[in-house]
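Colleague: Attaching a single structure in structure tokens format; questions to follow.
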Amino acid sequence: MIFLKTDEEVELLRQSNRLLAMTLAEVAKVIAPGVTTKQLDKIAYEYIKDNGGEPSCLGFEGYPATLCTSVNEQVVHGIPSDKVVLREGDIVSVDTCVGLNGFIADSAYTFPVGDVSPEVMRLLKTTKECLYLGIGQAVVGKRVGDIGFTIQQHAEHAGYSVTREFVGHGIGRGMHEDPEVPNYGRRGNGVVLKSGMVIAIEPMIHLGRKNIIIEDDGWTARTADRKQAAHYELSVCVRQGKADILSTFEPIQEVLKERFI
Ligand code: MF3
Ligand code: CO
């Protein structure tokens, strides 16, 4: 079921997305070699709770943590652990959902840990470009397939591949509402976008081949060829001419700028 959001609902979604953006910025402050993904999870849990939010991933279909922390070849749904120590040259994709006033926000960002090879930094840059190009298609009258086509085209032109098993989605009172928003597809295909549709666009892009494997924990998805994957996600409200981006990476980027310049 697709729920078109009222202007009031869009404002509530903007608030939950703001809290999520601030949460990811708190995580960004501490990402460094030697830190465990469990430490990141604790920081996020406490920040969300302290600010009146709900960590919506925790307990979702039995998921055991606040964050998904996916390192290097892990694509999504890596489970935070005190055994996973970040090392110089790693990348870590941090994905989470926050509920506030009954509306759920969903966002992800892939962070470099210390110095990362130019080859992998290019993957991060291209995946973020894929996200913003996809958002550029989230306007009244376009179709879901236009978003997927645009993302896939940009990724594959750069020599990368696109995850098939996980997709973006509508979002609101539910974490996953219709429509599905794949990161691949054909121009002019799929659901027609209408004003007030809120969708989470989340390209997951692989340095190597598209195939993935689910680890024995039942959650962690990694590339079959063990090459790196990146993941960026924002929620947007479809509007005439230009999407209204409800979440933002600005707080994260402020932190990264202060830390590394
Ligand atoms: N944040 C994920 C998404 O983009 C959902 C995570 S599933 C969970 O849809 F189980 F980890 F919550
Ligand atoms: Co999502």
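In the structure tokens, the first chain shown is A, the next is B, and so on; residue numbers restart at 1 for each chain, and ligands run from 1 in the order shown.
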As a PyMOL selection string, please: every residue in stretch 109-153 of chain A that a backbone DSSP assignment puts in strand (DSSP E).
Modeller: chain A and resi 109-112
Colleague: With only C-alpha atoms and all ligand atoms counted, collect every polymer residue having an atom within 6 Å of ligand 1; state the result as a list in words.
Modeller: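 For ligand 1, the residues inside 6 Å are Cys57, Phe60, Tyr63, Cys68, His77, Asp95, Thr96, Cys97 and Asp106 of chain A.
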Colleague: Of the residues A:Val255, A:Val71, A:Cys237, A:Ile199, which is the one nearest to ligand 2, using only C-alpha atoms and all ligand atoms?
Modeller: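 Comparing A:Val255, A:Val71, A:Cys237, A:Ile199 against ligand 2, the winner is A:Ile199.
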Colleague: Would you name the residues within 9 Å of ligand 2, counting only C-alpha atoms and all ligand atoms, and put them as a list in words?
Modeller: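 Checked against 9 Å with only C-alpha atoms and all ligand atoms; the hits are Asp95, Thr96, Cys97, Ala105, Asp106, Ser107, Ala108, Phe166, Val167, Gly168, His169, Gly170, Ile171, Met175, His176, Ile199, Ala200, Ile201, Glu202, Glu233, Leu234 and Ser235 of chain A.
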Colleague: Residues as selected, C-alpha atoms, written as a tab-separated table (two decimals), in the first residue's frame, can you do that?
Modeller:
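As written to disk, part.tsv reads:
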```tsv
chain	number	residue	atom	x	y	z
A	95	ASP	CA	22.63	2.24	8.48
A	96	THR	CA	19.84	2.78	10.98
A	97	CYS	CA	16.21	3.74	11.51
A	105	ALA	CA	13.51	7.82	9.41
A	106	ASP	CA	16.02	5.62	7.58
A	107	SER	CA	19.50	6.71	6.49
A	108	ALA	CA	22.91	5.24	5.78
A	166	PHE	CA	17.94	-5.23	-1.38
A	167	VAL	CA	16.02	-2.18	-2.54
A	168	GLY	CA	14.85	1.24	-1.41
A	169	HIS	CA	11.25	1.61	-0.25
A	170	GLY	CA	8.38	3.82	0.77
A	171	ILE	CA	8.60	4.95	4.41
A	175	MET	CA	9.79	1.19	7.99
A	176	HIS	CA	9.09	-0.50	4.68
A	199	ILE	CA	10.67	7.07	-0.36
A	200	ALA	CA	14.04	5.99	1.01
A	201	ILE	CA	16.53	5.82	-1.85
A	202	GLU	CA	19.53	3.66	-0.97
A	233	GLU	CA	20.59	6.38	1.94
A	234	LEU	CA	18.30	9.39	2.32
A	235	SER	CA	14.52	9.79	2.49
```
Colleague: From the set A:Val10, A:Leu256, A:Ala21, A:Ala224, which residue has the shortest atom-to-atom contact distance to A:Tyr47, counting only C-alpha atoms?
Modeller: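 Among the listed residues, A:Ala21 lies closest to A:Tyr47.
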